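Worksheet for the structure shown next.
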Amino acid sequence: MKKLIIANWKMNPDTVEQARILVSTLEHRMHQVYSKTDVVICPPFTFLAPLSHYSHLSHIGAQNVSWAASGAFTGEISAAMIKNWRAEYVILGHSERRLYLGETDSMVNAKIIACLNAKLTPVVCLGGEEGAIKDEMKTLVTKQFVKVTKGLEKKHLEKIIFVYEPVWAISTMKNSKPATGSHALELVNHIRSLLGKRLTRERAANMRVLYGGTVNPDNVHEFAKFPQIDGALVGAASLDPEKFWDIINEFARESVHKN
Ligand code: PGA
């Protein structure tokens, strides 16, 4: 299975020209890793349409979606609109949306269904909740997993990419502390075992589970060295072409070692 590196640009950069330069720089190098690593860029909504013209070997995703198909939802963007911009993925349940915008597990559940109906791949973050502490992450992740996947058929569950995203390990959070590779591995394995119970172990083994706390060139080896961690959801470092490239390369290199 190819590694998957997802860039979450959050509310950056300011201009479409800056966004274009970031994607073009990446595209010039993508042929070097294309066979080993999938890369998805998730810019703000307003850059999705222009960037879809520049991304050929990389893919495009959104950072949010409405749970509703259409109608009176001021300020919202539907899954069909995202699809129309040629995006393929949508990040859901990020801790910043939970903490700052009141997103709940049941909203994430409805958004997963909206994505699947529109044939978009949901990238679902588990591990974000105000005040969450390291020792309680398994309990929190289990609780969120059960709620966000409620009512989903097996064939739909299988289409989701899960991300372990411990809120205390995100660089922008107050008192943030990076997670160790062994902690990330433990929780990635835990998510896969939850999937195994709903599907089968074999089917769960074929799904991608990523790590989503802070990843940068200094700590990427901590995570990339474990074959069970299928990639990363990268925030701040994805806005720096050199740092992002180092992260992609490290996962690509490790995937070759393990094959
Ligand atoms: P960061 O963000 O890489 O900037 O710490 C990670 C995330 O928000 O998942």
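In the structure tokens, chains take letters A, B, ... by order of appearance, with residues numbered from 1 within each chain and ligands from 1 in the order shown.
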
Let me see if you get this right: every residue at most 9 Å from ligand 1, counting only C-alpha atoms and all ligand atoms, written as number ranges by chain. A: 7-10, 94-96, 125, 163-167, 169-173, 176, 178, 211-216, 232-238

Which residues are near Val123 of chain A? Cut-off 10 Å, only C-alpha atoms, ignore same chain within fewer than 5 positions. Put them as a list in words.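 The filter keeps Ile6, Gly61, Ala62, Gln63, Asn64, Tyr89, Val90, Ile91, Leu92, Gly93, His94, Ile112, Cys115, Lys159, Ile160, Ile161, Phe162, Val163, Arg208, Val209, Leu210 and Leu233 of chain A.
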
Who sits within 9 Å of Phe47 of chain A, only C-alpha atoms, same chain under 2 positions skipped, as a list in words: Thr15, Val16, Ala19, Arg20, Pro43, Pro44, Phe45, Ala49, Pro50, Leu51 and Ser52 of chain A

Generate a file of the selected residues that holds C-alpha atoms, formatted as a JSON list (two decimals), in the first residue's frame.
[["chain", "number", "residue", "atom", "x", "y", "z"],
["A", 15, "THR", "CA", -3.30, 34.67, -2.08],
["A", 16, "VAL", "CA", -4.03, 32.25, -4.88],
["A", 19, "ALA", "CA", -1.03, 28.72, -3.27],
["A", 20, "ARG", "CA", -0.15, 28.10, -6.90],
["A", 43, "PRO", "CA", -6.24, 24.28, 0.72],
["A", 44, "PRO", "CA", -9.01, 26.69, 1.77],
["A", 45, "PHE", "CA", -12.18, 26.31, -0.36],
["A", 49, "ALA", "CA", -10.85, 25.35, -8.30],
["A", 50, "PRO", "CA", -7.64, 27.15, -9.37],
["A", 51, "LEU", "CA", -5.38, 24.50, -7.83],
["A", 52, "SER", "CA", -7.14, 21.64, -9.56]]

What residues in segment 75-174 of chain A get the DSSP label alpha helix (DSSP H)? Please answer as an mmCIF file with all heavy atoms, in the first residue's frame.
data_model
loop_
_atom_site.group_PDB
_atom_site.id
_atom_site.type_symbol
_atom_site.label_atom_id
_atom_site.label_comp_id
_atom_site.auth_asym_id
_atom_site.auth_seq_id
_atom_site.Cartn_x
_atom_site.Cartn_y
_atom_site.Cartn_z
ATOM 1 N N ALA A 79 -21.018 18.785 -0.538
ATOM 2 C CA ALA A 79 -20.115 17.766 -1.098
ATOM 3 C C ALA A 79 -20.132 17.820 -2.625
ATOM 4 O O ALA A 79 -19.089 17.671 -3.273
ATOM 5 C CB ALA A 79 -20.530 16.385 -0.594
ATOM 6 N N ALA A 80 -21.316 18.054 -3.213
ATOM 7 C CA ALA A 80 -21.392 18.122 -4.681
ATOM 8 C C ALA A 80 -20.556 19.287 -5.207
ATOM 9 O O ALA A 80 -19.899 19.177 -6.250
ATOM 10 C CB ALA A 80 -22.845 18.272 -5.119
ATOM 11 N N MET A 81 -20.558 20.417 -4.488
ATOM 12 C CA MET A 81 -19.747 21.575 -4.925
ATOM 13 C C MET A 81 -18.257 21.241 -4.860
ATOM 14 O O MET A 81 -17.482 21.588 -5.752
ATOM 15 C CB MET A 81 -20.033 22.783 -4.022
ATOM 16 C CG MET A 81 -21.427 23.340 -4.155
ATOM 17 S SD MET A 81 -21.736 24.468 -2.776
ATOM 18 C CE MET A 81 -23.441 24.889 -3.083
ATOM 19 N N ILE A 82 -17.874 20.552 -3.800
ATOM 20 C CA ILE A 82 -16.461 20.167 -3.642
ATOM 21 C C ILE A 82 -16.046 19.224 -4.766
ATOM 22 O O ILE A 82 -14.986 19.359 -5.374
ATOM 23 C CB ILE A 82 -16.243 19.540 -2.249
ATOM 24 C CG1 ILE A 82 -16.377 20.630 -1.185
ATOM 25 C CG2 ILE A 82 -14.888 18.854 -2.155
ATOM 26 C CD1 ILE A 82 -16.401 20.115 0.231
ATOM 27 N N LYS A 83 -16.927 18.282 -5.054
ATOM 28 C CA LYS A 83 -16.665 17.328 -6.138
ATOM 29 C C LYS A 83 -16.525 18.069 -7.469
ATOM 30 O O LYS A 83 -15.672 17.760 -8.294
ATOM 31 C CB LYS A 83 -17.839 16.346 -6.172
ATOM 32 C CG LYS A 83 -17.676 15.206 -7.090
ATOM 33 C CD LYS A 83 -16.830 14.125 -6.484
ATOM 34 C CE LYS A 83 -16.653 12.996 -7.469
ATOM 35 N NZ LYS A 83 -15.703 12.024 -6.972
ATOM 36 N N ASN A 84 -17.363 19.064 -7.641
ATOM 37 C CA ASN A 84 -17.355 19.863 -8.867
ATOM 38 C C ASN A 84 -16.025 20.606 -9.058
ATOM 39 O O ASN A 84 -15.625 20.925 -10.168
ATOM 40 C CB ASN A 84 -18.519 20.850 -8.801
ATOM 41 C CG ASN A 84 -18.825 21.469 -10.136
ATOM 42 O OD1 ASN A 84 -18.770 20.800 -11.164
ATOM 43 N ND2 ASN A 84 -19.112 22.747 -10.139
ATOM 44 N N SER A 95 -9.531 18.689 15.152
ATOM 45 C CA SER A 95 -9.712 19.219 16.514
ATOM 46 C C SER A 95 -9.998 20.723 16.520
ATOM 47 O O SER A 95 -10.711 21.214 17.381
ATOM 48 C CB SER A 95 -8.483 18.919 17.369
ATOM 49 O OG SER A 95 -7.356 19.450 16.754
ATOM 50 N N GLU A 96 -9.458 21.459 15.529
ATOM 51 C CA GLU A 96 -9.734 22.909 15.509
ATOM 52 C C GLU A 96 -11.206 23.168 15.229
ATOM 53 O O GLU A 96 -11.788 24.105 15.786
ATOM 54 C CB GLU A 96 -8.835 23.604 14.474
ATOM 55 C CG GLU A 96 -7.407 23.716 14.985
ATOM 56 C CD GLU A 96 -6.344 23.740 13.908
ATOM 57 O OE1 GLU A 96 -6.665 23.952 12.728
ATOM 58 O OE2 GLU A 96 -5.168 23.528 14.265
ATOM 59 N N ARG A 97 -11.833 22.356 14.408
ATOM 60 C CA ARG A 97 -13.275 22.526 14.161
ATOM 61 C C ARG A 97 -14.076 22.106 15.397
ATOM 62 O O ARG A 97 -15.103 22.682 15.707
ATOM 63 C CB ARG A 97 -13.712 21.731 12.936
ATOM 64 C CG ARG A 97 -13.073 22.227 11.643
ATOM 65 C CD ARG A 97 -13.897 21.863 10.442
ATOM 66 N NE ARG A 97 -15.236 22.392 10.540
ATOM 67 C CZ ARG A 97 -15.591 23.621 10.171
ATOM 68 N NH1 ARG A 97 -14.716 24.455 9.662
ATOM 69 N NH2 ARG A 97 -16.846 24.016 10.298
ATOM 70 N N ARG A 98 -13.593 21.099 16.083
ATOM 71 C CA ARG A 98 -14.301 20.674 17.295
ATOM 72 C C ARG A 98 -14.185 21.750 18.368
ATOM 73 O O ARG A 98 -15.163 22.115 19.020
ATOM 74 C CB ARG A 98 -13.707 19.368 17.822
ATOM 75 C CG ARG A 98 -14.006 18.154 16.950
ATOM 76 C CD ARG A 98 -13.219 16.949 17.454
ATOM 77 N NE ARG A 98 -13.479 15.737 16.697
ATOM 78 C CZ ARG A 98 -14.457 14.872 16.953
ATOM 79 N NH1 ARG A 98 -15.290 15.066 17.936
ATOM 80 N NH2 ARG A 98 -14.597 13.780 16.220
ATOM 81 N N LEU A 99 -12.956 22.273 18.561
ATOM 82 C CA LEU A 99 -12.709 23.206 19.661
ATOM 83 C C LEU A 99 -13.269 24.601 19.389
ATOM 84 O O LEU A 99 -13.843 25.225 20.271
ATOM 85 C CB LEU A 99 -11.200 23.326 19.912
ATOM 86 C CG LEU A 99 -10.612 22.415 20.984
ATOM 87 C CD1 LEU A 99 -10.995 20.974 20.824
ATOM 88 C CD2 LEU A 99 -9.092 22.544 21.034
ATOM 89 N N TYR A 100 -13.065 25.114 18.172
ATOM 90 C CA TYR A 100 -13.427 26.514 17.907
ATOM 91 C C TYR A 100 -14.821 26.662 17.307
ATOM 92 O O TYR A 100 -15.400 27.738 17.347
ATOM 93 C CB TYR A 100 -12.429 27.175 16.940
ATOM 94 C CG TYR A 100 -10.979 27.051 17.344
ATOM 95 C CD1 TYR A 100 -9.985 26.898 16.388
ATOM 96 C CD2 TYR A 100 -10.583 27.108 18.684
ATOM 97 C CE1 TYR A 100 -8.650 26.784 16.749
ATOM 98 C CE2 TYR A 100 -9.254 26.989 19.047
ATOM 99 C CZ TYR A 100 -8.289 26.824 18.077
ATOM 100 O OH TYR A 100 -6.972 26.709 18.428
ATOM 101 N N LEU A 101 -15.351 25.605 16.688
ATOM 102 C CA LEU A 101 -16.608 25.745 15.948
ATOM 103 C C LEU A 101 -17.688 24.788 16.438
ATOM 104 O O LEU A 101 -18.745 24.665 15.820
ATOM 105 C CB LEU A 101 -16.354 25.548 14.451
ATOM 106 C CG LEU A 101 -15.469 26.669 13.894
ATOM 107 C CD1 LEU A 101 -14.607 26.208 12.750
ATOM 108 C CD2 LEU A 101 -16.312 27.855 13.471
ATOM 109 N N ASP A 105 -19.402 14.781 17.253
ATOM 110 C CA ASP A 105 -19.277 13.483 16.572
ATOM 111 C C ASP A 105 -20.467 13.222 15.652
ATOM 112 O O ASP A 105 -20.311 12.645 14.586
ATOM 113 C CB ASP A 105 -19.172 12.357 17.610
ATOM 114 C CG ASP A 105 -17.860 12.428 18.379
ATOM 115 O OD1 ASP A 105 -16.846 12.796 17.774
ATOM 116 O OD2 ASP A 105 -17.869 12.129 19.595
ATOM 117 N N SER A 106 -21.677 13.634 16.075
ATOM 118 C CA SER A 106 -22.821 13.348 15.208
ATOM 119 C C SER A 106 -22.780 14.199 13.941
ATOM 120 O O SER A 106 -23.206 13.759 12.872
ATOM 121 C CB SER A 106 -24.150 13.474 15.952
ATOM 122 O OG SER A 106 -24.299 14.770 16.403
ATOM 123 N N MET A 107 -22.234 15.419 14.034
ATOM 124 C CA MET A 107 -22.050 16.210 12.797
ATOM 125 C C MET A 107 -21.035 15.524 11.893
ATOM 126 O O MET A 107 -21.227 15.450 10.676
ATOM 127 C CB MET A 107 -21.525 17.616 13.133
ATOM 128 C CG MET A 107 -22.508 18.525 13.809
ATOM 129 S SD MET A 107 -21.658 20.113 14.082
ATOM 130 C CE MET A 107 -22.701 20.828 15.316
ATOM 131 N N VAL A 108 -19.955 15.028 12.502
ATOM 132 C CA VAL A 108 -18.921 14.348 11.694
ATOM 133 C C VAL A 108 -19.543 13.126 11.012
ATOM 134 O O VAL A 108 -19.307 12.871 9.828
ATOM 135 C CB VAL A 108 -17.704 13.947 12.554
ATOM 136 C CG1 VAL A 108 -16.679 13.150 11.742
ATOM 137 C CG2 VAL A 108 -17.036 15.191 13.162
ATOM 138 N N ASN A 109 -20.378 12.400 11.742
ATOM 139 C CA ASN A 109 -21.063 11.231 11.180
ATOM 140 C C ASN A 109 -21.894 11.637 9.951
ATOM 141 O O ASN A 109 -21.823 11.004 8.894
ATOM 142 C CB ASN A 109 -21.947 10.612 12.269
ATOM 143 C CG ASN A 109 -22.787 9.459 11.759
ATOM 144 O OD1 ASN A 109 -23.964 9.626 11.490
ATOM 145 N ND2 ASN A 109 -22.181 8.296 11.609
ATOM 146 N N ALA A 110 -22.649 12.721 10.076
ATOM 147 C CA ALA A 110 -23.494 13.168 8.951
ATOM 148 C C ALA A 110 -22.627 13.652 7.787
ATOM 149 O O ALA A 110 -22.975 13.463 6.612
ATOM 150 C CB ALA A 110 -24.426 14.279 9.426
ATOM 151 N N LYS A 111 -21.494 14.257 8.098
ATOM 152 C CA LYS A 111 -20.608 14.744 7.035
ATOM 153 C C LYS A 111 -19.929 13.578 6.307
ATOM 154 O O LYS A 111 -19.692 13.645 5.099
ATOM 155 C CB LYS A 111 -19.556 15.694 7.621
ATOM 156 C CG LYS A 111 -20.165 17.012 8.081
ATOM 157 C CD LYS A 111 -19.134 17.928 8.683
ATOM 158 C CE LYS A 111 -19.799 19.244 9.110
ATOM 159 N NZ LYS A 111 -18.842 20.336 9.251
ATOM 160 N N ILE A 112 -19.613 12.514 7.058
ATOM 161 C CA ILE A 112 -19.040 11.312 6.414
ATOM 162 C C ILE A 112 -20.036 10.797 5.379
ATOM 163 O O ILE A 112 -19.685 10.486 4.242
ATOM 164 C CB ILE A 112 -18.728 10.211 7.457
ATOM 165 C CG1 ILE A 112 -17.566 10.621 8.363
ATOM 166 C CG2 ILE A 112 -18.427 8.882 6.770
ATOM 167 C CD1 ILE A 112 -17.271 9.650 9.506
ATOM 168 N N ILE A 113 -21.300 10.723 5.785
ATOM 169 C CA ILE A 113 -22.329 10.194 4.873
ATOM 170 C C ILE A 113 -22.458 11.104 3.639
ATOM 171 O O ILE A 113 -22.545 10.629 2.502
ATOM 172 C CB ILE A 113 -23.672 10.029 5.625
ATOM 173 C CG1 ILE A 113 -23.490 8.931 6.684
ATOM 174 C CG2 ILE A 113 -24.825 9.686 4.680
ATOM 175 C CD1 ILE A 113 -24.559 8.864 7.734
ATOM 176 N N ALA A 114 -22.422 12.429 3.864
ATOM 177 C CA ALA A 114 -22.510 13.372 2.733
ATOM 178 C C ALA A 114 -21.349 13.148 1.764
ATOM 179 O O ALA A 114 -21.530 13.140 0.547
ATOM 180 C CB ALA A 114 -22.506 14.809 3.249
ATOM 181 N N CYS A 115 -20.149 12.939 2.307
ATOM 182 C CA CYS A 115 -18.976 12.688 1.449
ATOM 183 C C CYS A 115 -19.148 11.400 0.662
ATOM 184 O O CYS A 115 -18.916 11.362 -0.548
ATOM 185 C CB CYS A 115 -17.702 12.568 2.293
ATOM 186 S SG CYS A 115 -17.096 14.128 2.885
ATOM 187 N N LEU A 116 -19.534 10.342 1.365
ATOM 188 C CA LEU A 116 -19.635 9.044 0.693
ATOM 189 C C LEU A 116 -20.694 9.093 -0.408
ATOM 190 O O LEU A 116 -20.497 8.526 -1.489
ATOM 191 C CB LEU A 116 -19.950 7.943 1.717
ATOM 192 C CG LEU A 116 -18.816 7.668 2.714
ATOM 193 C CD1 LEU A 116 -19.280 6.730 3.821
ATOM 194 C CD2 LEU A 116 -17.582 7.092 2.002
ATOM 195 N N ASN A 117 -21.803 9.796 -0.151
ATOM 196 C CA ASN A 117 -22.842 9.924 -1.188
ATOM 197 C C ASN A 117 -22.324 10.636 -2.430
ATOM 198 O O ASN A 117 -22.774 10.381 -3.539
ATOM 199 C CB ASN A 117 -24.053 10.686 -0.634
ATOM 200 C CG ASN A 117 -24.862 9.820 0.314
ATOM 201 O OD1 ASN A 117 -24.753 8.588 0.281
ATOM 202 N ND2 ASN A 117 -25.651 10.436 1.179
ATOM 203 N N MET A 137 -6.251 8.685 25.778
ATOM 204 C CA MET A 137 -6.499 8.764 24.334
ATOM 205 C C MET A 137 -7.212 7.531 23.779
ATOM 206 O O MET A 137 -8.039 7.646 22.887
ATOM 207 C CB MET A 137 -5.183 9.014 23.578
ATOM 208 C CG MET A 137 -4.580 10.374 23.851
ATOM 209 S SD MET A 137 -5.767 11.755 23.821
ATOM 210 C CE MET A 137 -5.897 12.095 22.096
ATOM 211 N N LYS A 138 -6.899 6.348 24.319
ATOM 212 C CA LYS A 138 -7.570 5.149 23.781
ATOM 213 C C LYS A 138 -9.076 5.227 24.030
ATOM 214 O O LYS A 138 -9.881 4.892 23.164
ATOM 215 C CB LYS A 138 -7.007 3.886 24.435
ATOM 216 C CG LYS A 138 -5.851 3.321 23.674
ATOM 217 C CD LYS A 138 -5.531 1.921 24.121
ATOM 218 C CE LYS A 138 -4.228 1.511 23.488
ATOM 219 N NZ LYS A 138 -3.645 0.331 24.045
ATOM 220 N N THR A 139 -9.441 5.653 25.221
ATOM 221 C CA THR A 139 -10.862 5.757 25.556
ATOM 222 C C THR A 139 -11.528 6.803 24.672
ATOM 223 O O THR A 139 -12.627 6.576 24.137
ATOM 224 C CB THR A 139 -11.008 6.185 27.041
ATOM 225 O OG1 THR A 139 -10.129 5.391 27.801
ATOM 226 C CG2 THR A 139 -12.419 6.046 27.547
ATOM 227 N N LEU A 140 -10.873 7.945 24.523
ATOM 228 C CA LEU A 140 -11.457 9.020 23.705
ATOM 229 C C LEU A 140 -11.598 8.593 22.240
ATOM 230 O O LEU A 140 -12.651 8.791 21.624
ATOM 231 C CB LEU A 140 -10.575 10.278 23.806
ATOM 232 C CG LEU A 140 -10.946 11.430 22.877
ATOM 233 C CD1 LEU A 140 -12.341 11.960 23.173
ATOM 234 C CD2 LEU A 140 -9.927 12.557 22.968
ATOM 235 N N VAL A 141 -10.552 7.993 21.716
ATOM 236 C CA VAL A 141 -10.571 7.574 20.306
ATOM 237 C C VAL A 141 -11.669 6.524 20.082
ATOM 238 O O VAL A 141 -12.399 6.569 19.092
ATOM 239 C CB VAL A 141 -9.170 7.047 19.900
ATOM 240 C CG1 VAL A 141 -9.221 6.209 18.639
ATOM 241 C CG2 VAL A 141 -8.210 8.227 19.719
ATOM 242 N N THR A 142 -11.816 5.595 21.032
ATOM 243 C CA THR A 142 -12.853 4.565 20.901
ATOM 244 C C THR A 142 -14.227 5.218 20.892
ATOM 245 O O THR A 142 -15.078 4.916 20.047
ATOM 246 C CB THR A 142 -12.772 3.561 22.082
ATOM 247 O OG1 THR A 142 -11.439 3.083 22.161
ATOM 248 C CG2 THR A 142 -13.740 2.402 21.896
ATOM 249 N N LYS A 143 -14.435 6.139 21.817
ATOM 250 C CA LYS A 143 -15.741 6.818 21.915
ATOM 251 C C LYS A 143 -16.043 7.570 20.613
ATOM 252 O O LYS A 143 -17.141 7.446 20.055
ATOM 253 C CB LYS A 143 -15.701 7.800 23.100
ATOM 254 C CG LYS A 143 -17.006 8.496 23.372
ATOM 255 C CD LYS A 143 -16.863 9.617 24.393
ATOM 256 C CE LYS A 143 -16.344 10.873 23.746
ATOM 257 N NZ LYS A 143 -16.251 12.056 24.568
ATOM 258 N N GLN A 144 -15.072 8.315 20.124
ATOM 259 C CA GLN A 144 -15.305 9.086 18.895
ATOM 260 C C GLN A 144 -15.526 8.156 17.707
ATOM 261 O O GLN A 144 -16.397 8.396 16.868
ATOM 262 C CB GLN A 144 -14.114 10.013 18.604
ATOM 263 C CG GLN A 144 -14.019 11.171 19.596
ATOM 264 C CD GLN A 144 -12.842 12.100 19.281
ATOM 265 O OE1 GLN A 144 -11.902 11.731 18.595
ATOM 266 N NE2 GLN A 144 -12.887 13.310 19.806
ATOM 267 N N PHE A 145 -14.746 7.075 17.651
ATOM 268 C CA PHE A 145 -14.867 6.128 16.532
ATOM 269 C C PHE A 145 -16.293 5.561 16.467
ATOM 270 O O PHE A 145 -16.913 5.514 15.400
ATOM 271 C CB PHE A 145 -13.852 4.993 16.695
ATOM 272 C CG PHE A 145 -13.970 3.913 15.651
ATOM 273 C CD1 PHE A 145 -13.329 4.048 14.423
ATOM 274 C CD2 PHE A 145 -14.721 2.775 15.882
ATOM 275 C CE1 PHE A 145 -13.450 3.056 13.447
ATOM 276 C CE2 PHE A 145 -14.853 1.783 14.919
ATOM 277 C CZ PHE A 145 -14.211 1.920 13.696
ATOM 278 N N VAL A 146 -16.798 5.144 17.618
ATOM 279 C CA VAL A 146 -18.141 4.538 17.662
ATOM 280 C C VAL A 146 -19.175 5.552 17.174
ATOM 281 O O VAL A 146 -20.050 5.235 16.357
ATOM 282 C CB VAL A 146 -18.466 4.050 19.097
ATOM 283 C CG1 VAL A 146 -19.928 3.653 19.228
ATOM 284 C CG2 VAL A 146 -17.536 2.888 19.474
ATOM 285 N N LYS A 147 -19.054 6.790 17.633
ATOM 286 C CA LYS A 147 -20.064 7.791 17.271
ATOM 287 C C LYS A 147 -19.957 8.240 15.812
ATOM 288 O O LYS A 147 -20.972 8.396 15.140
ATOM 289 C CB LYS A 147 -19.947 9.003 18.191
ATOM 290 C CG LYS A 147 -20.410 8.688 19.618
ATOM 291 C CD LYS A 147 -20.442 9.949 20.417
ATOM 292 C CE LYS A 147 -20.995 9.697 21.805
ATOM 293 N NZ LYS A 147 -20.831 10.856 22.679
ATOM 294 N N VAL A 148 -18.743 8.483 15.342
ATOM 295 C CA VAL A 148 -18.651 9.018 13.973
ATOM 296 C C VAL A 148 -18.953 7.949 12.919
ATOM 297 O O VAL A 148 -19.305 8.279 11.789
ATOM 298 C CB VAL A 148 -17.290 9.707 13.667
ATOM 299 C CG1 VAL A 148 -17.017 10.837 14.619
ATOM 300 C CG2 VAL A 148 -16.135 8.730 13.606
ATOM 301 N N LYS A 154 -20.464 -1.771 6.270
ATOM 302 C CA LYS A 154 -19.043 -2.149 6.158
ATOM 303 C C LYS A 154 -18.402 -1.586 4.892
ATOM 304 O O LYS A 154 -17.284 -1.082 4.908
ATOM 305 C CB LYS A 154 -18.901 -3.667 6.153
ATOM 306 C CG LYS A 154 -19.202 -4.270 7.504
ATOM 307 C CD LYS A 154 -19.031 -5.755 7.496
ATOM 308 C CE LYS A 154 -19.449 -6.262 8.863
ATOM 309 N NZ LYS A 154 -19.257 -7.653 9.084
ATOM 310 N N LYS A 155 -19.133 -1.692 3.793
ATOM 311 C CA LYS A 155 -18.539 -1.247 2.513
ATOM 312 C C LYS A 155 -18.280 0.269 2.538
ATOM 313 O O LYS A 155 -17.436 0.767 1.804
ATOM 314 C CB LYS A 155 -19.428 -1.645 1.329
ATOM 315 C CG LYS A 155 -20.784 -0.997 1.317
ATOM 316 C CD LYS A 155 -21.544 -1.384 0.066
ATOM 317 C CE LYS A 155 -22.820 -0.543 0.034
ATOM 318 N NZ LYS A 155 -23.939 -1.014 -0.589
ATOM 319 N N HIS A 156 -19.012 1.004 3.381
ATOM 320 C CA HIS A 156 -18.765 2.445 3.494
ATOM 321 C C HIS A 156 -17.618 2.742 4.464
ATOM 322 O O HIS A 156 -16.774 3.586 4.200
ATOM 323 C CB HIS A 156 -20.047 3.156 3.943
ATOM 324 C CG HIS A 156 -21.090 3.134 2.875
ATOM 325 N ND1 HIS A 156 -22.432 3.011 3.127
ATOM 326 C CD2 HIS A 156 -20.961 3.184 1.516
ATOM 327 C CE1 HIS A 156 -23.090 2.999 1.978
ATOM 328 N NE2 HIS A 156 -22.230 3.099 0.997
ATOM 329 N N LEU A 157 -17.627 1.993 5.556
ATOM 330 C CA LEU A 157 -16.560 2.170 6.562
ATOM 331 C C LEU A 157 -15.177 1.993 5.915
ATOM 332 O O LEU A 157 -14.232 2.734 6.193
ATOM 333 C CB LEU A 157 -16.777 1.136 7.673
ATOM 334 C CG LEU A 157 -15.890 1.229 8.896
ATOM 335 C CD1 LEU A 157 -16.032 2.578 9.578
ATOM 336 C CD2 LEU A 157 -16.234 0.107 9.887
#

Report as a list of chain:residue names all protein, DNA and RNA residues lying within 9 Å of Pro217 of chain A, evaluated on only C-alpha atoms, omitting residues in the same chain fewer than 6 positions from it.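 Once the nearby chain positions are removed, what remains is A:Ala237, A:Lys243, A:Phe244, A:Trp245, A:Asp246, A:Ile247, A:Glu250.
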
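Residue nearest Lys36 of chain A, chosen from A:Arg203, A:Arg253, A:His59, A:His183 and counting only C-alpha atoms: A:Arg253.
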
Taking 3 positions as the minimum chain separation for residues in the same chain, which residues sit within 7 Å of Asp38 of chain A when counting only C-alpha atoms? Answer as a PyMOL selection string. chain A and resi 2-5+34+58

Quick one, how far is atom CA of Glu130 of chain A from atom CA of Leu187 of chain A? 18.3 Å

In terms of the shortest atom-to-atom distance over only C-alpha atoms, which of A:Glu158, A:Asp135, A:Ala118, A:Met30 is closest to Ala68 of chain A?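 Residue with the minimum atom-to-atom distance to Ala68 of chain A: A:Ala118.
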
Taking the chain letters and numbering used in this document, name the residues of segment 123-214 of chain A that DSSP puts in strand (DSSP E), as a ChimeraX atom specification. /A:123-126,161-164,209-211

Can you work out the spacing between atom CA of Cys42 of chain A and atom CA of Glu88 of chain A in Å, to one decimal?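 Those two atoms sit 9.9 Å apart.
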
Non-local contacts of Lys225 of chain A (9 Å; only C-alpha atoms; under 4 positions in same chain excluded) as a list in words: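 Listed by chain and then number, they are Gly181, Val220, His221, Ile229, Glu250, Phe251, Glu254, Ser255 and Lys258 of chain A.
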
Tell me which of A:Gly131, A:Lys150, A:Ala252, A:Thr200 sits closest to Thr37 of chain A, counting only C-alpha atoms.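 For Thr37 of chain A, the nearest of the candidates is A:Ala252.
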
Computed gap from atom CA of Met1 of chain A to atom CA of Asn249 of chain A is 16.0 Å

Proximity to Ala87 of chain A - best of A:Glu129, A:Ile41, A:Phe73, A:Glu103, only C-alpha atoms: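 Among the listed residues, the smallest separation from Ala87 of chain A belongs to A:Ile41.
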